[in-house]
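Engineer: One structure follows; several queries about it will come next.
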Amino acid sequence: DLENPRLKEPAKSNKKRIAVMTSGGDAPGMCAAVRAVVRAGIYLGCEVYGCYEGYSGLVKGGEYLKKMDWEDVRGWLSLGGTLIGTARCMEFKEKWGRLQAAKNMILRGVDALIVCGGDGSLTGADIFRDEWPSLVAELVKNGTFTEDQVEPYKHLTIVGLVGSIDNDMSSTDNTIGAYSSLERICEMVDYIDATAASHSRAFVVEVMGRHCGWLALMAGTACGADSIFIPERPPNSKSWKDELKEVCLRHRSKGRRKTTVIVAEGALDNELNPITSEQVKECLVEIGLDTRITTLGHVQRGGTAVAFDRLLATLQGVDAVKAVLESTPNTPSPMIGFVDNKVVRRPLIESVKLTKSVATAIEEKRFDDAMQLRDTTFKEAYDHFLSVSKYDDGTQVLPENQHLNVAIIHVGAPTSALNAATRAAALYLLSRGHTPIGVENGFTGLTRHGAMRKLSWLDVEEWHNLGGSELGTNRSLPSTDIGTVAYYFQRFEIQGLIIIGGFEAFHSLHELKQARSLYPIFNMPMVCLPSTVSNNVPGSEYSLGSDTCLNVLVNYCDAIKQSASASRRRVFVVEVQGGYSGFIASYTGLVTGSLAVYTPEEKITLRSIQEDLELLNKTFENDTGLNRSGKMFIRNEKSSKIYTTDLLTSIIRESAHGKYESRTAVPGHVQQGKTPTAMDRCHSARFAIKACEFIEKSNFETNEKLQAMLNNGFGSNLTYKGHTEPDLKFVYRRGKKQLVGDLDNAKLLGIHGSSVVFKDIDEVWDNETDVELRKGKDIHWDDMNMVNDMLSGRLMLRSER
Ligand code: ATP
């Protein structure tokens with residue numbers, strides 16, 4: 001198949017031929033990206049070629065450019081590294097190498113290239129596209145091809161996918177592989193933590209990131225590190241050692257038994273001198289700590305991709321093919337990015353330039369610019385890290401009259417993120433001089449026993465990686481005994497409330513707000529922080545704990561598929577949680593390669609089952625030799641009253657006529673997870689701190705209003721910034737009339753991509769909630785079903801019918 005039919009008769013085949021390659025350092029999720037490109041390409045009528053060994057494959061040509069079929073990429077979602085190989089190819093940096101590459105592409109009839117790699121690989125791709133017309137002209141001039149033969153190849157289409165564990169590319173919030181790498185780091189640091197605490201040791205952990213501190217920063221937050229060193233925010237060259245010693249000694253004096261410092265491999269001081277793990281170790285040894293260095297090295301690249309990277313790679317791979325088909329000679333080469341939870345296209349070369357400008361900013365000691373040039377949340381994440389690590393030094397404490405008592409309560413089924421969120425909230429509150437108060441065992445704990453306790457630094461500092469709920473949680477609502485709830489809040493002088501949990505937490509906040517006219521104490525600022533594995537809290541696209549659930553399901557389904565594949569003739573129907581929300585099912589189906597997904601949003605019919613049985617038979621027919629896939633369906637627990645998991649399994653068995661068998665698999669409560677994922681830990685810190693900031697700000701504004709009223713003669717019929725006195729609510733505390741808040745301060749913390757929006761609880765309840773089905777009205781994950789149907793073959797089968 002070396003021959004390109006178009007070289008002989010240009011009109012004969014006008015199918016787009018796309019080559020896909022992985023280049024630079026490997027990253028988990030690259031295989032998923034290649035799978036998506038191959039299958040989406042075939043579905044959309046293209047031929048797809050795998051370019052093996054990065055740019056070397058283009059330069060060598062021949063067997064290195066191999067046509068890929070639908071079946072060639074089966075099972076690739078769950079594999080780490082890249083199965084088409086990657087390399088650093090020096091020849092491609094030379095003009096002669098690129099000329100050779102152009103020749104090989106034309107020989108194969110390839111006119112589009114999708115490159116998955118870091119900024120180096122994407123720069124190479126853009127140079128190649130710019131040079132393409134001159135390379136083609138040279139190939140005609142030196143007699144390799146005739147003018148007619150190269151006529152269809154006047155233009156080369158390039159599309160970039162960012163595969164890099166460093167998360168260092170500008171114009172995208174996430175790169176393929178970064179969260180998987182972060183997950184590996186956190187797993188390793190958790191292991192190290194256990195031994196560090198046992199021996200009361202200090203560990204210096206060196207992580208990857210020559211020019212980018214994202215991995216070190218996120219790992220610092222997720223692993224409860226004492227300190228971190230990153231290239232974008234270098235410490236003072238004269239004082240960093242003393243500052244490091246101070247923070248570690250302070251934490252030790254508070255009772256911490258271990259010390260963890262995370263150092264990015266490219267860490268610098270503000271004079272651009274490298275900060276090495278060895279230097280950090282020396283400091284810790286000087287303060288008497290038994291210190292070890294662990295350089296994590298290549299384990300950070302290893303292993304299967306986490307759920308999020310599989311999603312990112314899959315959605316972006318499909319969009320890369322669409323971008324090829326929509327490209328014109330005048331459109332700049334796009335880079336497929338991910339901003340605010342949406343796949344976006346950005347001009348590739350601009351993004352690469354912006355990325356390189358971070359390194360330049362660091363070289364020129366413009367460190368503030370370097371921080372700003374990273375993705376939108378980088379600077380905020382750094383501030384949040386300081387809030388939960390360094391700021392117990394007292395520098396951030398507010399004046400005493402602004403100190404608050406803030407209660408934190410867990411409501412609903414447990415998730416793995418409850419403790420991490422509570423820890424971050426408590427540490428932030430303590431750093432500001434407030435008092436965090438934990439409510440034990442939800443609203444029943446409160447109403448039956450008045451179970452509240454002040455949370456100290458030492459109480460919570462170890463909760464970053466602890467699943468379950470240290471405070472205790474249950475589904476009871478405040479309406480069970482709302483008067484007693486008000487009584488205890490008033491008795492403990494609570495001035496702010498954070499409710500962490502799922503639909504019941506959301507419902508609780510609505511009830512508390514509704515009860516304000518009877519119980520003025522509920523006029524204090526209150527925030528619901530969504531945390532549920534089902535991700536069914538209305539008004540928010542993400543709930544803390546759902547990522548852990550998805551990763552549990554990814555591992556579970558990978559094992560199930562492996563078993564199905566090994567036993568050759570077995571199909572599994574996996575039942576997942578989610579209540580009436582199909583989010584978890586759709587996401588799991590997409591990232592594990594399920595043949596079909598059954599959700600409450602799409603009605604199961606006899607006809608759809610019939611179609612899926614056809615698809616199943618077809619995939620069994622395509623099993624050849626050693627090339628066999630594990631076959632699996634995902635069914636949400638409430639997707640149909642009639643077609644239960646057992647019934648679906650029986651229908652499959654019955655219709656197989658003995659050719660294969662079927663089994664159910666129900667992971668149940670395992671889905672709540674054990675240890676929170678790195679993503680859940682980082683998001684927990686971010687959203688919990690934002691909830692606290694909202695409570696502070698709301699109290700501050702209310703006090704401002706009160707002050708204005710006092711200044712103007714309290715009690716008269718005054719207005720202030722449009723508020724009249726009746727807008728402000730008071731309680732009597734120890735006989736004294738005290739202001740508790742105003743009306744607009746009961747909020748759901750809604751997460752939309754990387755943005756956080758505080759939404760009025762009543763508005764979300766009235767406009768965005770399907771109360772009966774306990775979920776939001778917006779099906780924001782709808783695209784996942786379409787993409788899964790495309791990549792499982794379901795859409796193709798339907799279009800053939
Ligand atoms: P990582 O983030 O893992 O470092 P990367 O894509 O940045 O990935 P590089 O080693 O910089 O990794 O680039 C990978 C390959 O891309 C190079 O080996 C080379 O073949 C090609 N490449 C990089 N820069 C250029 C360039 N300026 N011109 C042509 N090709 C290039």
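Each chain of the structure tokens is named A, B, ... in the order shown, its residues numbered from 1; ligands are numbered from 1 in display order.
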List all protein, DNA and RNA residues that have any atom at most 6 Å from ligand 1, counting only C-alpha atoms and all ligand atoms, and write the list as a list of chain:residue names.

Structural biologist: A:Ser23, A:Gly24, A:Gly25, A:Tyr55, A:Arg88, A:Cys89, A:Met90, A:Phe92, A:Lys93, A:Gly117, A:Gly118, A:Asp119, A:Gly120, A:Ser121, A:Thr123, A:Gly124, A:Ser164

Engineer: Determine, counting only C-alpha atoms, which protein, DNA and RNA residues have an atom within 12 Å of an atom of Val537 of chain A; residues of the same chain fewer than 5 positions away are not included. Present the result as a short mmCIF file (atom, residue, chain, number, x, y, z; two decimals) with C-alpha atoms, in the first residue's frame.

Structural biologist:
data_model
loop_
_atom_site.label_atom_id
_atom_site.label_comp_id
_atom_site.auth_asym_id
_atom_site.auth_seq_id
_atom_site.Cartn_x
_atom_site.Cartn_y
_atom_site.Cartn_z
CA GLY A 412 -25.99 13.50 52.48
CA ILE A 500 -20.94 20.39 52.11
CA GLY A 501 -22.84 17.62 50.35
CA GLY A 502 -25.13 16.60 47.52
CA PHE A 503 -28.79 17.17 46.78
CA GLU A 504 -29.73 17.08 50.49
CA ALA A 505 -27.14 19.77 51.25
CA PHE A 506 -28.64 21.88 48.51
CA HIS A 507 -32.15 21.17 49.82
CA CYS A 528 -23.71 25.08 49.83
CA LEU A 529 -20.57 23.42 48.46
CA PRO A 530 -21.62 20.60 46.09
CA SER A 531 -20.07 17.27 46.95
CA THR A 532 -21.68 14.10 45.67
CA TYR A 542 -19.07 19.63 38.96
CA SER A 543 -19.37 18.23 42.47
CA LEU A 544 -16.46 17.43 44.75
CA SER A 546 -17.40 12.88 41.55
CA GLY A 578 -26.20 8.66 39.76
CA GLY A 579 -29.86 8.61 40.78
CA TYR A 580 -31.84 10.21 37.97
CA SER A 581 -28.75 11.95 36.62
CA PHE A 583 -23.69 12.14 34.23
CA LEU A 748 -24.95 27.72 45.99
CA LEU A 749 -21.33 27.62 44.90
CA GLY A 750 -21.82 26.70 41.24
CA ILE A 751 -18.86 25.41 39.29
CA ILE A 761 -30.32 29.30 46.32
CA VAL A 764 -31.49 27.82 41.44
CA TRP A 765 -34.28 25.95 43.23
CA GLU A 768 -32.73 25.19 37.47
CA THR A 769 -34.00 22.29 39.58
CA ASP A 770 -36.05 19.24 38.77
CA VAL A 771 -37.11 18.71 42.37
CA LEU A 773 -35.93 13.84 39.96
CA ARG A 774 -33.44 15.46 42.33
CA LYS A 775 -31.21 16.94 39.66
CA GLY A 776 -30.60 20.02 37.53
CA LYS A 777 -32.55 20.69 34.35
CA ASP A 778 -29.41 21.33 32.30
CA ILE A 779 -27.91 18.18 30.76
#

Engineer: Near Gln671 of chain A, within 8 Å and counting only C-alpha atoms, which residues show up once chain neighbours fewer than 2 positions away are dropped, as an MDAnalysis selection string?

Structural biologist: chainID A and resid 533 548:550 552:553 577 667:669 673

Engineer: Take the selection from the previous step and output its residues with N, CA and C atoms, as a short mmCIF file (atom, residue, chain, number, x, y, z; two decimals), in the first residue's frame.

Structural biologist:
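This went into selection-v5.cif:
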data_model
loop_
_atom_site.label_atom_id
_atom_site.label_comp_id
_atom_site.auth_asym_id
_atom_site.auth_seq_id
_atom_site.Cartn_x
_atom_site.Cartn_y
_atom_site.Cartn_z
N VAL A 533 -21.09 12.00 44.65
CA VAL A 533 -20.56 11.20 43.54
C VAL A 533 -21.47 11.29 42.32
N THR A 548 -13.39 11.30 42.02
CA THR A 548 -12.93 10.07 42.67
C THR A 548 -13.81 8.90 42.25
N CYS A 549 -15.11 9.14 42.24
CA CYS A 549 -16.06 8.09 41.84
C CYS A 549 -15.75 7.63 40.41
N LEU A 550 -15.52 8.59 39.52
CA LEU A 550 -15.25 8.24 38.12
C LEU A 550 -13.98 7.40 37.99
N VAL A 552 -12.73 5.46 40.35
CA VAL A 552 -13.02 4.12 40.87
C VAL A 552 -13.68 3.31 39.76
N LEU A 553 -14.63 3.94 39.07
CA LEU A 553 -15.34 3.21 38.01
C LEU A 553 -14.42 2.88 36.83
N GLN A 577 -24.02 4.30 39.81
CA GLN A 577 -24.91 5.18 40.57
C GLN A 577 -25.20 6.47 39.78
N PRO A 667 -20.92 -2.22 41.17
CA PRO A 667 -19.89 -1.80 42.15
C PRO A 667 -20.46 -1.20 43.44
N GLY A 668 -21.69 -0.70 43.43
CA GLY A 668 -22.34 -0.21 44.65
C GLY A 668 -21.56 0.87 45.36
N HIS A 669 -21.45 0.72 46.69
CA HIS A 669 -20.88 1.80 47.50
C HIS A 669 -19.38 2.01 47.31
N GLY A 673 -15.58 5.75 46.77
CA GLY A 673 -14.12 5.87 46.76
C GLY A 673 -13.52 5.79 48.13
#

Engineer: Using the chain letters and numbers from this document, which residues of segment 118-299 of chain A does DSSP assign to strand (DSSP E or B), as a PyMOL selection string?

Structural biologist: chain A and resi 157-163+176+202-207+227-229+259-264+268+274+291-295

Engineer: Can you check which parts of segment 417-461 of chain A lie within 10 Å of segment 253-264 of chain A? Per residue, the shortest pair of atoms and distance in Å to one decimal, counting only C-alpha atoms, sorted by chain and number, as a Markdown table.

Structural biologist:
| residue | atom | partner | partner_atom | distance |
| --- | --- | --- | --- | --- |
| A:Trp457 | CA | A:Lys254 | CA | 7.9 |
| A:Leu458 | CA | A:Gly255 | CA | 6.7 |
| A:Glu461 | CA | A:Arg256 | CA | 8.2 |

Engineer: Tell me which of A:Thr395, A:Thr649, A:Thr314, A:Ser198 sits closest to Ala665 of chain A, counting only C-alpha atoms.

Structural biologist: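 Checking each candidate against Ala665 of chain A, we get A:Thr649 as the closest.
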
Engineer: Which of segment 444-496 of chain A counts as helix (DSSP H, G or I) under DSSP, as a list in words please?

Structural biologist: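 Residues meeting the helix (DSSP H, G or I) criterion: Thr444, Gly445, Leu446, Thr447, Arg448, His449, Trp457, Leu458, Asp459, Val460, Trp463, His464, Asn465, Pro478, Ser479, Thr480, Ile482, Gly483, Thr484, Val485, Ala486, Tyr487, Tyr488, Phe489, Gln490 and Arg491 of chain A.
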
Engineer: Could you list, as a list in words, every residue within 8 Å of Leu497 of chain A, counting only C-alpha atoms and ignoring same-chain residues fewer than 5 positions away?

Structural biologist: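 Skipping anything fewer than 5 positions along the chain leaves Val406, Ala407, Ile408, Ile409, Met524, Pro525, Met526, Val527 and Ile695 of chain A.
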
Engineer: As an exercise, work out the distance from atom CA of Glu772 of chain A to atom CA of Ser586 of chain A in Å and give it to one decimal place.

Structural biologist: 21.2 Å

Engineer: So how many Å separate atom CA of Tyr587 of chain A and atom CA of Leu311 of chain A, to one decimal?

Structural biologist: 7.7 Å

Engineer: Counting only C-alpha atoms, which of A:Val576, A:Met632, A:Ile158, A:Leu268 gets nearest to Ser563 of chain A?

Structural biologist: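 Checking each of A:Val576, A:Met632, A:Ile158, A:Leu268 against Ser563 of chain A, counting only C-alpha atoms, the winner is A:Met632.
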
Engineer: To one decimal place in Å, what is the distance between atom CA of Ala87 of chain A and atom CA of Lys15 of chain A?

Structural biologist: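 Distance reported for this atom pair: 28.8 Å.
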